[in-house]
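Q: Provided herewith: work-v2.txt, compact mmCIF, C-alpha atoms.
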# COMPACT_ATOMS: atom_id res chain seq x y z
CA MET G 1 93.46 132.97 110.47
CA GLN G 2 94.93 130.35 112.78
CA LEU G 3 94.51 126.67 111.94
CA GLU G 4 92.44 126.18 115.05
CA GLU G 5 89.89 128.80 114.02
CA LYS G 6 89.87 127.50 110.48
CA LEU G 7 88.99 124.05 111.72
CA LEU G 8 86.21 125.33 113.94
CA ASN G 9 84.86 127.50 111.11
CA GLY G 10 84.67 124.53 108.76
CA ASP G 11 87.50 125.66 106.48
CA LYS G 12 88.44 122.68 104.32
CA ARG G 13 91.98 123.76 103.63
CA GLY G 14 92.69 124.20 107.34
CA CYS G 15 91.20 120.80 108.11
CA ALA G 16 93.24 119.20 105.31
CA LYS G 17 96.47 120.76 106.58
CA LEU G 18 95.79 119.57 110.11
CA ILE G 19 95.17 116.01 108.93
CA SER G 20 98.55 116.07 107.14
CA MET G 21 100.18 117.38 110.29
CA VAL G 22 98.63 114.64 112.42
CA GLU G 23 99.82 112.08 109.88
CA ASN G 24 103.23 113.60 110.42
CA ASN G 25 102.99 113.48 114.22
CA ASP G 26 103.23 117.27 114.32
CA LYS G 27 103.08 118.70 117.83
CA GLU G 28 101.06 121.79 116.89
CA ALA G 29 98.26 119.67 115.43
CA ILE G 30 98.23 117.38 118.44
CA ASP G 31 98.05 120.42 120.73
CA ILE G 32 95.02 121.66 118.80
CA ILE G 33 93.29 118.29 119.21
CA LYS G 34 94.13 118.36 122.93
CA LYS G 35 92.62 121.78 123.29
CA LEU G 36 89.50 121.08 121.26
CA TYR G 37 88.92 117.51 122.40
CA ASN G 38 85.71 118.52 124.16
CA HIS G 39 84.31 119.38 120.71
CA THR G 40 84.45 115.71 119.70
CA GLY G 41 81.82 113.07 120.28
CA ASN G 42 79.01 114.45 118.16
CA ALA G 43 79.71 112.44 115.03
CA HIS G 44 78.50 108.92 114.44
CA ILE G 45 81.62 107.07 113.35
CA ILE G 46 80.89 104.34 110.85
CA GLY G 47 83.41 101.80 109.63
CA ILE G 48 82.93 100.39 106.14
CA THR G 49 84.91 97.22 105.71
CA GLY G 50 84.98 94.17 103.45
CA PRO G 51 87.02 92.47 100.73
CA PRO G 52 88.85 94.40 97.98
CA GLY G 53 86.58 95.24 95.07
CA GLY G 54 83.46 94.60 97.13
CA GLY G 55 82.13 98.09 96.47
CA LYS G 56 83.01 99.83 99.72
CA SER G 57 83.80 103.16 98.04
CA THR G 58 80.68 103.12 95.87
CA LEU G 59 78.53 102.19 98.85
CA THR G 60 80.12 104.96 100.94
CA ASP G 61 79.39 107.41 98.13
CA ARG G 62 75.72 106.38 98.02
CA LEU G 63 75.33 106.49 101.80
CA ALA G 64 76.87 109.95 101.91
CA LYS G 65 74.51 111.16 99.18
CA ALA G 66 71.49 109.74 101.01
CA LEU G 67 72.51 111.48 104.23
CA ARG G 68 73.21 114.74 102.40
CA LYS G 69 69.50 114.82 101.51
CA GLU G 70 68.92 115.21 105.24
CA ASP G 71 71.44 118.05 105.28
CA LYS G 72 73.97 116.12 107.34
CA LYS G 73 77.65 117.05 107.19
CA ILE G 74 79.79 114.13 106.08
CA GLY G 75 83.45 113.24 106.54
CA ILE G 76 85.00 110.34 104.67
CA ILE G 77 88.39 108.79 105.36
CA ALA G 78 89.30 106.34 102.62
CA ILE G 79 92.26 104.10 103.27
CA ASP G 80 94.30 102.18 100.72
CA PRO G 81 97.46 100.14 101.22
CA THR G 82 100.99 101.56 101.21
CA SER G 83 103.64 99.56 99.39
CA PRO G 84 105.92 97.73 101.83
CA PHE G 85 108.70 98.10 99.25
CA SER G 86 108.62 101.68 97.99
CA GLY G 87 106.49 103.36 100.66
CA GLY G 88 104.31 104.72 97.88
CA SER G 89 100.66 104.06 97.24
CA ILE G 90 97.80 104.50 94.82
CA LEU G 91 94.84 105.98 96.63
CA GLY G 92 91.93 105.36 94.29
CA ASP G 93 88.79 105.47 96.40
CA ARG G 94 87.90 109.02 95.33
CA ILE G 95 87.19 107.80 91.80
CA ARG G 96 83.87 106.43 93.08
CA MET G 97 83.04 109.63 94.95
CA ASN G 98 83.75 112.34 92.40
CA ASP G 99 80.28 113.90 92.55
CA LEU G 100 80.83 114.60 96.23
CA SER G 101 84.06 116.57 95.72
CA LEU G 102 82.29 119.86 95.18
CA ASP G 103 79.73 119.49 97.96
CA LYS G 104 80.60 122.08 100.60
CA GLU G 105 79.39 119.83 103.40
CA VAL G 106 81.42 116.78 102.40
CA PHE G 107 85.10 116.28 103.16
CA ILE G 108 86.93 113.33 101.65
CA ARG G 109 90.46 112.37 102.56
CA SER G 110 92.49 109.46 101.20
CA MET G 111 95.17 107.91 103.38
CA GLY G 112 97.86 105.30 102.82
CA THR G 113 98.28 102.68 105.55
CA ARG G 114 101.99 103.63 105.95
CA GLY G 115 102.94 100.33 107.51
CA TYR G 116 99.84 99.67 109.60
CA LEU G 117 98.44 96.21 109.17
CA GLY G 118 95.04 96.24 110.84
CA GLY G 119 93.15 97.76 107.91
CA LEU G 120 93.54 101.37 109.02
CA SER G 121 96.28 103.97 108.67
CA LYS G 122 98.56 105.33 111.34
CA ALA G 123 96.71 108.60 111.74
CA THR G 124 93.13 107.41 111.22
CA GLN G 125 92.13 108.16 114.79
CA GLY G 126 93.61 111.64 114.70
CA ALA G 127 91.86 112.38 111.41
CA VAL G 128 88.55 111.17 112.84
CA LYS G 129 88.89 113.57 115.77
CA LEU G 130 89.67 116.47 113.45
CA LEU G 131 86.63 115.74 111.28
CA ASP G 132 84.52 115.49 114.43
CA ILE G 133 85.71 118.93 115.56
CA PHE G 134 85.22 120.13 111.98
CA GLY G 135 81.52 119.51 112.59
CA CYS G 136 80.72 116.31 110.72
CA ASP G 137 77.53 114.50 111.71
CA TYR G 138 78.70 111.25 110.17
CA ILE G 139 82.26 110.10 109.64
CA PHE G 140 82.79 107.12 107.37
CA ILE G 141 86.04 105.22 107.63
CA GLU G 142 86.54 103.05 104.61
CA THR G 143 89.17 100.44 105.47
CA VAL G 144 91.58 98.86 103.04
CA GLY G 145 90.15 95.79 101.38
CA VAL G 146 90.32 93.21 104.13
CA GLY G 147 91.02 89.50 104.13
CA GLN G 148 90.20 87.60 107.27
CA SER G 149 91.81 89.28 110.22
CA GLU G 150 92.01 93.07 109.78
CA VAL G 151 89.71 94.03 112.60
CA ASP G 152 91.17 97.32 113.89
CA ILE G 153 88.12 99.18 112.61
CA VAL G 154 86.02 97.68 115.39
CA LYS G 155 88.26 99.49 117.90
CA THR G 156 87.77 102.84 116.17
CA ALA G 157 84.19 103.03 114.93
CA ASP G 158 80.83 103.19 116.71
CA THR G 159 79.25 101.01 114.05
CA VAL G 160 80.83 98.60 111.59
CA ILE G 161 79.21 97.79 108.27
CA MET G 162 80.58 94.61 106.77
CA VAL G 163 80.28 94.78 102.99
CA MET G 164 80.10 91.33 101.44
CA VAL G 165 79.67 90.21 97.86
CA PRO G 166 78.20 87.02 96.43
CA GLY G 167 80.45 84.18 95.35
CA LEU G 168 83.47 84.57 97.61
CA GLY G 169 83.08 81.37 99.56
CA ASP G 170 80.76 78.94 101.24
CA ASP G 171 79.16 78.77 104.67
CA ILE G 172 82.41 77.59 106.24
CA GLN G 173 83.96 80.96 105.42
CA ALA G 174 81.04 82.59 107.18
CA ILE G 175 81.68 80.84 110.51
CA LYS G 176 85.41 81.54 110.65
CA ALA G 177 86.75 83.84 113.32
CA GLY G 178 87.92 87.33 112.42
CA VAL G 179 86.26 89.87 110.19
CA MET G 180 82.97 87.97 110.10
CA GLU G 181 82.58 88.65 113.82
CA ILE G 182 82.86 92.43 113.72
CA GLY G 183 79.87 93.48 111.62
CA ASP G 184 77.05 95.38 113.30
CA ILE G 185 75.30 95.47 109.96
CA PHE G 186 75.94 93.15 107.01
CA ALA G 187 75.41 94.63 103.56
CA ILE G 188 75.52 92.13 100.70
CA ASN G 189 76.53 94.39 97.84
CA LYS G 190 76.22 93.57 94.14
CA SER G 191 72.99 91.80 94.97
CA ASP G 192 72.02 91.88 91.32
CA LEU G 193 74.59 89.12 90.82
CA MET G 194 73.77 85.43 91.08
CA GLY G 195 74.21 83.91 94.51
CA ALA G 196 73.42 87.03 96.54
CA SER G 197 70.51 85.54 98.43
CA LYS G 198 72.57 82.42 99.13
CA THR G 199 75.32 84.59 100.64
CA ALA G 200 72.69 86.42 102.70
CA THR G 201 71.27 83.11 103.94
CA GLU G 202 74.72 81.82 104.89
CA ILE G 203 75.39 84.92 106.94
CA LYS G 204 72.00 84.70 108.62
CA MET G 205 72.66 81.04 109.48
CA MET G 206 76.03 82.04 110.90
CA LEU G 207 74.25 84.63 113.05
CA ASP G 208 71.70 82.02 114.16
CA MET G 209 74.52 80.12 115.82
CA SER G 210 75.51 82.96 118.14
CA ASP G 211 73.05 83.14 120.99
CA ASN G 212 75.01 85.57 123.14
CA MET G 213 74.54 88.61 120.91
CA GLU G 214 73.19 91.76 122.51
CA ARG G 215 71.77 92.79 119.19
CA ARG G 216 71.48 90.65 116.13
CA PRO G 217 73.11 92.39 113.13
CA PRO G 218 70.67 92.98 110.29
CA VAL G 219 71.59 91.44 106.92
CA LEU G 220 70.66 93.55 103.91
CA GLN G 221 70.95 93.06 100.19
CA VAL G 222 72.02 96.18 98.34
CA THR G 223 73.27 97.14 94.89
CA ALA G 224 75.20 100.33 95.45
CA ILE G 225 75.90 101.11 91.83
CA LYS G 226 72.15 101.11 91.08
CA ASN G 227 71.35 102.86 94.35
CA GLU G 228 69.18 99.91 95.45
CA GLY G 229 68.64 99.19 99.12
CA ILE G 230 70.50 102.30 100.27
CA ASP G 231 67.58 103.92 102.12
CA LYS G 232 67.00 100.72 104.07
CA LEU G 233 70.69 100.66 104.99
CA VAL G 234 70.54 104.27 106.16
CA ASP G 235 67.56 103.30 108.36
CA GLU G 236 69.57 100.44 109.86
CA ILE G 237 72.50 102.78 110.56
CA LYS G 238 70.13 105.01 112.51
CA ASN G 239 68.55 102.05 114.32
CA GLN G 240 72.01 100.90 115.31
CA MET G 241 72.90 104.34 116.67
CA ASN G 242 69.63 104.50 118.62
CA TYR G 243 70.36 101.11 120.09
CA LEU G 244 73.91 102.18 121.02
CA GLU G 245 72.66 105.31 122.73
CA GLU G 246 69.76 103.72 124.58
CA SER G 247 71.65 100.68 125.80
CA ASN G 248 74.73 102.49 127.09
CA GLU G 249 76.66 100.41 124.59
CA LEU G 250 77.91 103.61 122.94
CA TYR G 251 79.69 104.61 126.12
CA GLU G 252 81.05 101.07 126.56
CA ARG G 253 82.39 100.97 123.02
CA ARG G 254 83.92 104.42 123.17
CA LYS G 255 85.56 103.57 126.48
CA ASN G 256 87.00 100.37 125.04
CA ASN G 257 88.15 102.22 121.95
CA ALA G 258 89.80 104.86 124.12
CA LYS G 259 91.61 102.16 126.06
CA THR G 260 92.96 100.65 122.85
CA GLU G 261 94.01 104.04 121.58
CA ILE G 262 95.81 105.01 124.78
CA ILE G 263 97.71 101.72 124.81
CA LYS G 264 98.68 102.27 121.17
CA LEU G 265 99.95 105.77 121.91
CA VAL G 266 101.97 104.60 124.91
CA GLU G 267 103.34 101.75 122.84
CA GLU G 268 104.46 104.19 120.14
CA ASP G 269 106.23 106.36 122.68
CA ILE G 270 108.03 103.41 124.26
CA ILE G 271 109.17 102.17 120.86
CA ASN G 272 110.38 105.66 119.97
CA LEU G 273 112.29 105.80 123.24
CA ILE G 274 114.00 102.51 122.47
CA LEU G 275 114.85 103.61 118.96
CA LYS G 276 116.20 106.92 120.25
CA LYS G 277 118.30 105.18 122.87
CA ASN G 278 119.53 102.83 120.17
CA GLU G 279 120.50 105.74 117.96
CA SER G 280 122.68 107.25 120.65
CA ILE G 281 124.47 104.15 121.92
CA GLY G 282 123.62 101.44 119.41
CA MET G 283 122.17 99.30 122.18
CA LEU G 284 119.62 97.45 120.09
CA ASP G 285 122.13 96.46 117.46
CA ASP G 286 124.51 95.07 120.08
CA ILE G 287 121.81 93.05 121.79
CA ALA G 288 120.41 91.80 118.48
CA HIS G 289 123.91 90.68 117.56
CA GLU G 290 124.20 88.68 120.78
CA VAL G 291 120.80 87.08 120.21
CA ALA G 292 121.73 86.22 116.63
CA ILE G 293 124.93 84.44 117.64
CA LYS G 294 123.01 82.68 120.43
CA VAL G 295 124.91 84.03 123.42
CA LEU G 296 121.75 85.78 124.62
CA ASP G 297 118.09 84.74 124.51
CA PRO G 298 115.42 87.20 123.32
CA TYR G 299 113.61 87.24 126.67
CA THR G 300 116.65 88.36 128.63
CA ALA G 301 117.34 90.81 125.80
CA LYS G 302 113.86 92.26 126.29
CA ASP G 303 114.50 92.68 130.02
CA ARG G 304 117.72 94.49 129.29
CA VAL G 305 116.05 96.87 126.80
CA PHE G 306 113.22 97.51 129.22
CA ASN G 307 115.58 98.25 132.10
CA SER G 308 117.59 100.63 129.97
CA ILE G 309 114.59 102.82 129.11
CA LYS G 310 113.51 102.86 132.74
CA GLU G 311 116.80 104.62 133.48
CA LEU G 312 116.00 107.46 131.06
CA MET A 1 110.16 110.81 109.41
CA ASP A 2 109.63 112.64 106.15
CA ARG A 3 106.14 112.33 104.86
CA PRO A 4 105.79 110.97 101.33
CA ILE A 5 105.16 113.44 98.52
CA ARG A 6 101.43 113.48 97.80
CA VAL A 7 100.41 113.80 94.14
CA LEU A 8 96.96 114.19 92.65
CA VAL A 9 96.83 112.58 89.22
CA ALA A 10 93.84 113.88 87.31
CA LYS A 11 92.31 113.75 83.86
CA PRO A 12 90.58 117.04 83.08
CA GLY A 13 88.27 117.29 80.11
CA LEU A 14 86.40 114.79 78.07
CA ASP A 15 88.87 112.37 76.52
CA GLY A 16 88.82 108.85 77.87
CA HIS A 17 92.47 107.95 77.43
CA ASP A 18 93.93 107.27 80.85
CA ARG A 19 96.65 104.77 80.01
CA GLY A 20 99.35 107.43 80.30
CA ALA A 21 97.98 108.79 83.56
CA LYS A 22 97.93 105.28 85.03
CA VAL A 23 101.51 104.57 83.91
CA VAL A 24 102.66 107.80 85.55
CA ALA A 25 100.62 107.07 88.70
CA ARG A 26 102.22 103.66 88.98
CA ALA A 27 105.72 105.06 88.42
CA LEU A 28 105.21 107.70 91.12
CA ARG A 29 103.94 105.01 93.49
CA ASP A 30 107.09 102.99 92.88
CA ALA A 31 109.12 106.12 93.61
CA GLY A 32 107.59 106.21 97.08
CA MET A 33 104.90 108.83 96.53
CA GLU A 34 101.28 108.74 97.63
CA VAL A 35 99.23 109.08 94.47
CA ILE A 36 95.60 110.09 94.65
CA TYR A 37 94.03 109.04 91.39
CA THR A 38 90.73 110.73 90.61
CA GLY A 39 89.81 109.11 87.33
CA LEU A 40 88.40 110.43 84.09
CA ARG A 41 86.47 113.53 83.07
CA GLN A 42 87.18 115.89 85.91
CA THR A 43 86.24 119.54 85.84
CA PRO A 44 88.88 122.05 86.98
CA GLN A 45 86.69 122.73 90.03
CA GLN A 46 86.63 119.06 90.98
CA ILE A 47 90.40 118.79 90.58
CA VAL A 48 91.00 121.78 92.82
CA ALA A 49 88.51 120.58 95.45
CA ALA A 50 90.25 117.21 95.58
CA ALA A 51 93.72 118.80 95.69
CA ILE A 52 92.72 120.91 98.68
CA GLN A 53 91.00 118.17 100.68
CA GLU A 54 93.87 115.81 100.03
CA ASP A 55 96.45 118.50 100.87
CA VAL A 56 98.66 117.42 97.97
CA ASP A 57 102.08 118.78 97.09
CA VAL A 58 101.64 118.23 93.36
CA VAL A 59 98.81 118.26 90.82
CA ALA A 60 99.68 116.24 87.72
CA MET A 61 97.21 116.43 84.85
CA SER A 62 97.00 114.43 81.68
CA ILE A 63 95.05 115.51 78.64
CA LEU A 64 94.70 114.19 75.12
CA SER A 65 91.66 116.04 73.89
CA GLY A 66 93.37 119.24 72.77
CA ALA A 67 91.66 121.40 75.39
CA HIS A 68 94.87 121.90 77.40
CA ASN A 69 95.12 125.62 76.63
CA HIS A 70 91.77 126.12 78.30
CA LEU A 71 91.80 123.57 81.12
CA PHE A 72 95.36 123.70 82.50
CA PRO A 73 95.39 127.49 83.12
CA LYS A 74 91.91 127.21 84.61
CA VAL A 75 93.13 124.77 87.26
CA VAL A 76 96.11 127.03 88.00
CA GLN A 77 93.78 130.01 88.38
CA ILE A 78 91.28 128.31 90.70
CA LEU A 79 94.10 126.95 92.87
CA LYS A 80 95.43 130.50 93.13
CA ASP A 81 91.97 131.80 94.04
CA GLU A 82 91.84 129.23 96.83
CA GLY A 83 95.20 130.36 98.15
CA ALA A 84 96.92 127.13 97.17
CA GLU A 85 99.51 128.53 94.78
CA ASP A 86 102.27 126.61 96.57
CA ILE A 87 101.11 123.40 94.87
CA LEU A 88 103.39 122.29 92.02
CA ILE A 89 101.43 121.86 88.79
CA VAL A 90 102.61 119.70 85.91
CA GLY A 91 100.89 118.50 82.76
CA GLY A 92 101.26 115.82 80.15
CA GLY A 93 99.72 114.41 77.01
CA VAL A 94 99.72 115.21 73.32
CA ILE A 95 100.58 118.87 73.56
CA PRO A 96 102.06 120.76 70.57
CA GLU A 97 105.48 122.35 71.11
CA ASP A 98 104.03 125.76 70.23
CA ASP A 99 101.58 125.63 73.14
CA ILE A 100 104.17 124.83 75.81
CA PRO A 101 105.58 128.34 76.43
CA GLY A 102 102.07 129.74 76.92
CA LEU A 103 101.15 127.00 79.38
CA LYS A 104 104.34 127.57 81.36
CA GLU A 105 103.64 131.25 81.47
CA ALA A 106 100.19 130.46 82.82
CA GLY A 107 101.77 128.63 85.75
CA VAL A 108 102.14 125.01 84.66
CA LYS A 109 105.71 124.29 85.79
CA GLU A 110 106.49 121.60 83.26
CA ILE A 111 104.86 119.81 80.33
CA PHE A 112 105.73 116.21 79.59
CA THR A 113 105.03 115.09 76.03
CA PRO A 114 104.86 111.53 74.65
CA GLY A 115 108.11 109.63 74.97
CA THR A 116 109.14 111.22 78.27
CA ALA A 117 110.81 108.71 80.59
CA THR A 118 108.92 108.25 83.86
CA THR A 119 112.24 108.78 85.66
CA ASP A 120 112.34 112.32 84.25
CA VAL A 121 108.89 113.02 85.69
CA ILE A 122 109.94 111.65 89.08
CA GLU A 123 113.17 113.68 89.08
CA PHE A 124 111.34 116.85 88.14
CA ILE A 125 108.77 116.44 90.90
CA LYS A 126 111.40 115.64 93.53
CA ASN A 127 113.47 118.66 92.56
CA ASN A 128 110.65 121.16 92.30
CA VAL A 129 108.15 120.24 94.99
CA LYS A 130 107.82 122.76 97.79
CA ARG A 131 107.81 120.77 101.02
CA LYS A 132 105.69 122.27 103.73
Starting from the file, give its structure as structure tokens.
A:
Amino acid sequence: MQLEEKLLNGDKRGCAKLISMVENNDKEAIDIIKKLYNHTGNAHIIGITGPPGGGKSTLTDRLAKALRKEDKKIGIIAIDPTSPFSGGSILGDRIRMNDLSLDKEVFIRSMGTRGYLGGLSKATQGAVKLLDIFGCDYIFIETVGVGQSEVDIVKTADTVIMVMVPGLGDDIQAIKAGVMEIGDIFAINKSDLMGASKTATEIKMMLDMSDNMERRPPVLQVTAIKNEGIDKLVDEIKNQMNYLEESNELYERRKNNAKTEIIKLVEEDIINLILKKNESIGMLDDIAHEVAIKVLDPYTAKDRVFNSIKEL
Amino acid sequence: MDRPIRVLVAKPGLDGHDRGAKVVARALRDAGMEVIYTGLRQTPQQIVAAAIQEDVDVVAMSILSGAHNHLFPKVVQILKDEGAEDILIVGGGVIPEDDIPGLKEAGVKEIFTPGTATTDVIEFIKNNVKRK
């Protein structure tokens, strides 16, 4: 059976192979996505983001289980950091999702960031498309543990759940720019710990200050490990999707996300062109040398590089 | 660009001793591999399901409970049933010398006993993995 058929028939091995191929920039896999692109768009793509150790994996596991009760097909992409030194990584999100491994209607894939800094991996978008074609109703993207500025998820998902935990900081942290701005839903996990309601209040007060929101993000207290508050969160996920669909916001977001993705793809190709050109004539090294010894400024250098690829 | 070797590190069976598995996982990470760590008390079925979804090149199992003669061949068999016999399978833990030939015959490519240098494990994987 061809990979394409396997994917359409919901064959896990075929889907897994294709994700590897996309991670590898393989032309055959990209051709399959091109051909089957009209099969995408059915899944609700949900980003799960938040600080390391906040319980993103456990919460994803519980959400998936709740949605499985409704017979929904689930895809999970769990991202962990790649070492900038060795290129290796420990992908440990599956540990929290072991019960789901054997469920025929759940597909879990771990990915290393492989040099990407925005909280996602290089091939996240490709993998999402494959899981969409594969027939998933919900696709969860669990980002790496984020700090303050890894916001790429908002350009990839339909809905972003910001997972917070009590005790990480005060109300000043809550009003800072960055990750605190991207949540469509705030889930305060580990709400059995002291300080959870204070964290919830701080986030609500932060939200009170923004009066230009189309839709005010709900703030929920959950305890994933005890399965508390999960049903309410599932309801909010559905409310959010209803809102997106009814308000045309879904189209707007997907269009914006597409724009970002196209620019990223073009960017990659241009960079590859420059690197290829550099390989053949060593252009980049020569120019970098001139900039380093101060006979050339970086802006003129940029012009020269740009002109050289235009000639290709 | 070559993709990194992907390794599933798993603990089949009921013993709770994962220090060795974690040391190996860390060493493989430092050797530039992507290590998917699945944690304790995995059934052979769970290990195979994870190996397939993660499209790994290697399954590395650690066991200290004495059930290796049952669990290792079982994983090999289910992987074969799923058509994934190209995955390199290695094992480690407290495994008696006498059991090693039988395990190798069953399809476990190498057994690493206590005292093995992590560099030996890395070398073995690099030399024996079948790159797709």
Q: Given the choices G:Lys122, G:Lys198, G:Arg68, G:Lys34, which gets closest to Val106 in chain G if the distance is worked out from all atoms listed in the file?
A: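 Closest residue, counting all atoms listed in the file: G:Arg68.
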Q: Could you check which of G:Pro84, G:Pro217, G:Pro298, G:Gly135 is closest to Arg114 in chain G, using all atoms listed in the file?
A: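 Closest residue, counting all atoms listed in the file: G:Pro84.
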Q: One number please: CA of Leu120 in chain G to CA of Gly41 in chain G, in Å, one decimal.
A: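 Interatomic distance, CA of Leu120 in chain G to CA of Gly41 in chain G: 20.0 Å.
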Q: Have a look at A:Gly107, A:Pro12, A:Gly32, A:Gly115 and name the one nearest to Lys80 in chain A; count all atoms listed in the file.
A: A:Gly107
Q: Give me, as a ChimeraX atom specification, the contact residues of chain G against chain A at a cut-off of 7 Å, counting only C-alpha atoms.
A: /G:12-13,16-17,24,86-92,94-95,101-102,107-110
Q: Go ahead and dump the residues you just picked, C-alpha atoms, as a PDB file, in the coordinates of the input.
A:
ATOM      1  CA  LYS G  12      88.440 122.680 104.320  1.00  0.00           C
ATOM      2  CA  ARG G  13      91.980 123.760 103.630  1.00  0.00           C
ATOM      3  CA  ALA G  16      93.240 119.200 105.310  1.00  0.00           C
ATOM      4  CA  LYS G  17      96.470 120.760 106.580  1.00  0.00           C
ATOM      5  CA  ASN G  24     103.230 113.600 110.420  1.00  0.00           C
ATOM      6  CA  SER G  86     108.620 101.680  97.990  1.00  0.00           C
ATOM      7  CA  GLY G  87     106.490 103.360 100.660  1.00  0.00           C
ATOM      8  CA  GLY G  88     104.310 104.720  97.880  1.00  0.00           C
ATOM      9  CA  SER G  89     100.660 104.060  97.240  1.00  0.00           C
ATOM     10  CA  ILE G  90      97.800 104.500  94.820  1.00  0.00           C
ATOM     11  CA  LEU G  91      94.840 105.980  96.630  1.00  0.00           C
ATOM     12  CA  GLY G  92      91.930 105.360  94.290  1.00  0.00           C
ATOM     13  CA  ARG G  94      87.900 109.020  95.330  1.00  0.00           C
ATOM     14  CA  ILE G  95      87.190 107.800  91.800  1.00  0.00           C
ATOM     15  CA  SER G 101      84.060 116.570  95.720  1.00  0.00           C
ATOM     16  CA  LEU G 102      82.290 119.860  95.180  1.00  0.00           C
ATOM     17  CA  PHE G 107      85.100 116.280 103.160  1.00  0.00           C
ATOM     18  CA  ILE G 108      86.930 113.330 101.650  1.00  0.00           C
ATOM     19  CA  ARG G 109      90.460 112.370 102.560  1.00  0.00           C
ATOM     20  CA  SER G 110      92.490 109.460 101.200  1.00  0.00           C
TER      21      SER G 110
END
Q: Which of these residues is nearest to Lys176 in chain G, using all atoms listed in the file: G:Val291, G:Cys15, G:Ile77, G:Met206?
A: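 Of the candidates, the smallest distance to Lys176 in chain G is held by G:Met206.
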Q: Excluding same-chain residues fewer than 3 positions from Tyr37 in chain G, what lies within 8 Å of it counting all atoms listed in the file, as a list of chain:residue names?
A: G:Ile33, G:Lys34, G:Thr40, G:Lys129, G:Ile133
Q: Near Ile95 in chain A, counting all atoms listed in the file, which residues have an atom at most 8 Å away, once you skip same-chain residues fewer than 5 positions from it, shown as a list in words?
A: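 That gives Leu64, Gly66, His68, Ile100 and Thr113 of chain A.
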Q: To test the calculation: enclose all listed atoms of range 43-47 of chain G in a box whose edges run along x, y and z, add 5 Å on each side, then state centre and edge lengths in Å to one decimal, as JSON.
A:
{"center_x": 81.0, "center_y": 107.1, "center_z": 112.3, "size_x": 14.9, "size_y": 20.6, "size_z": 15.4}
Q: What does the structure give for the distance between CA of Thr113 in chain G and CA of Ser83 in chain G, in Å to one decimal?
A: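 CA of Thr113 in chain G sits 8.7 Å away from CA of Ser83 in chain G.
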Q: To one decimal place, how far is CA of Ala187 in chain G from CA of Val219 in chain G in Å?
A: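 According to the coordinates, CA of Ala187 in chain G and CA of Val219 in chain G are separated by 6.0 Å.
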